[in-house]
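First up is the structure itself, then whatever we jot down about it.
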Amino acid sequence: MKPSAALDRISPSPTLAITSRVLELKRAGVDVIGLGAGEPDFDTPDFVKEAAIKAIRDGQTKYTNVDGTAELKDAIVAKFARDNRLTYTPPQISVNVGGKHTLFNALVATLDAGDEVIVPAPYWVSYPDVVQFAGAVPVIVAAGADQGYKLTPAMLEAAITPRTKWVILNSPSNPTGAAYTADELRALGAVLERHPQVWIFADDMYEHIVYDDFAFATIAQVCPSLYDRTLTVNGCSKAYAMTGWRIGFAAGAPWLIKAMAKLQSQSTSNPCSIAQAAAVAALTGDQSFLKERARAFQVRRDLVVDMLNAAEGITCPRPEGAFYVYPDVSGAIGKSTPKGARIESDSDFVTYLLDDARVAAVQGVAFGVSPAMRISYATSEAQLTEACTRIQQACAALR
């Protein structure tokens, strides 16, 4: 027996591979600083934990509705109204086992062989792989640092064909932290209005982690004409520091939500009942800590951007949100390490950082735009200062 053709179309997640490698080195006693994981270092808020404990004690340990409890769907409806001025009803809500599960359900439930999905690059590593798993074709549209790592209306128009079924918009972005303004979304929306066969997957997972008075907007909010063909996607993982709880959710057309539930009924079934109770508390409880944590992330962002821009051969844009930077490392390409190895690619560069500087980042090729790397600054200022100092020293040692 051999793996299926569908499995052969995808690759293991490179970000999770880096995380595993860092854990292995730490278990071996190596002083390595991991900046590869897309996970807040903040703990899940105590009131959310207490809600989960209460749910256990109250016996909420049974199966639930396949795609979410009524209580959680009501909380999500209220969240979209409060935060995004979007009106949904419970039949328009899907609750999944994390945002990656939402992506998988939506694409596998709707794509056929030969369909196309526009994936702006740099992209989250799972986007093209899930498209390919579903038998469709990811159409990669690369947007470089010179345009803020954001898709332009002209680029979107040029990428659309009669086979285009979805376009994925991730704002703020993983891996770049770039975020679309309301006006930029309206301009993209004007293009999409001319192509009624194209649906929009709006990945808003980092909605609450924005900086410098940036005003977050999502496309169904600013382009009401696209409401009926937009799947607005969010979750508890990033803003609420609940990555391990595995709760993602989406709002969209009832037929699409029903199709996703049908697929989920034959795969994972319902998300964990305890995690769902915790998510209700997260979405309905005190939200003030979200701004406090965003302010802490902004301090870290500024520290990392400034220190990386002081490193030889690195140019680091200042992102609008999320907790990543995506520095260009082209100034290091073609140079040699102190051990005589030549840096030919961003993969070589991050390998050098891991082996010689004991700092783990993720190579830009994993996200579709090179030469670059993704660094997560979701760790302490002390760790970030030490990591960036090591990177500066490693860059200075190249010849």
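Residue names in the structure tokens use chain letters A, B, ... in the order shown, residue numbers from 1 in each chain, and ligand numbers from 1 in the order shown.
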
Exercise for review: Fewer than 6 positions away in the same chain doesn't count, so skip those; otherwise give me all residues within 10 Å of Gly144 (chain A), counting only C-alpha atoms, as a VMD selection string.
Suggested key: chain A and resid 121 to 122 150 to 151 328 369 to 370

Exercise for review: Taking the DSSP assignment computed from this structure's backbone, write out as a VMD selection string all residues of region 44-242 of chain A that belong to alpha helix (DSSP H).
Suggested key: chain A and resid 46 to 57 70 to 84 99 to 108 126 to 133 153 to 159 182 to 193 219 to 222

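Using only C-alpha atoms, the smallest distance between any of A:Ala279, A:Leu111, A:Ala296, A:Ala251 and Thr89 (chain A) comes from A:Ala251.
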
Per residue of region 58-106 of chain A within 12 Å of region 167-174 of chain A, what are the shortest atom pair and its distance in Å to one decimal, counting only C-alpha atoms, with rows by chain and residue number, as a tab-separated table?
residue	atom	partner	partner_atom	distance
A:Gly99	CA	A:Asn170	CA	11.8
A:Leu103	CA	A:Ile168	CA	9.9
A:Ala106	CA	A:Ile168	CA	11.5

**Study point:** strand (DSSP E or B) residues, from DSSP on the backbone, in region 174-312 of chain A, as a ChimeraX atom specification
**Key:** /A:199-203,210,230-235,248-251

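CA of Ala275 (chain A) sits 5.5 Å away from CA of Trp245 (chain A).
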
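In this comparison, which uses only C-alpha atoms, the residue of A:Gly364, A:Pro138, A:Pro271, A:Gly331 approaching Glu116 (chain A) most closely is A:Pro138.
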
Check your understanding: Do you know which residues are at most 7 Å from Ala366 (chain A) counting only C-alpha atoms, after dropping those on the same chain fewer than 2 positions away, and could you put them as number ranges by chain?
Key -> A: 14, 125, 363-364, 368

Saved selection, atoms kept: C-alpha atoms, as a tab-separated table (two decimals), in the first residue's frame:
chain	number	residue	atom	x	y	z
A	14	PRO	CA	7.15	23.84	7.46
A	125	VAL	CA	1.57	27.80	4.38
A	363	GLN	CA	12.41	30.45	5.41
A	364	GLY	CA	10.49	32.70	3.04
A	368	GLY	CA	5.89	31.91	-1.52
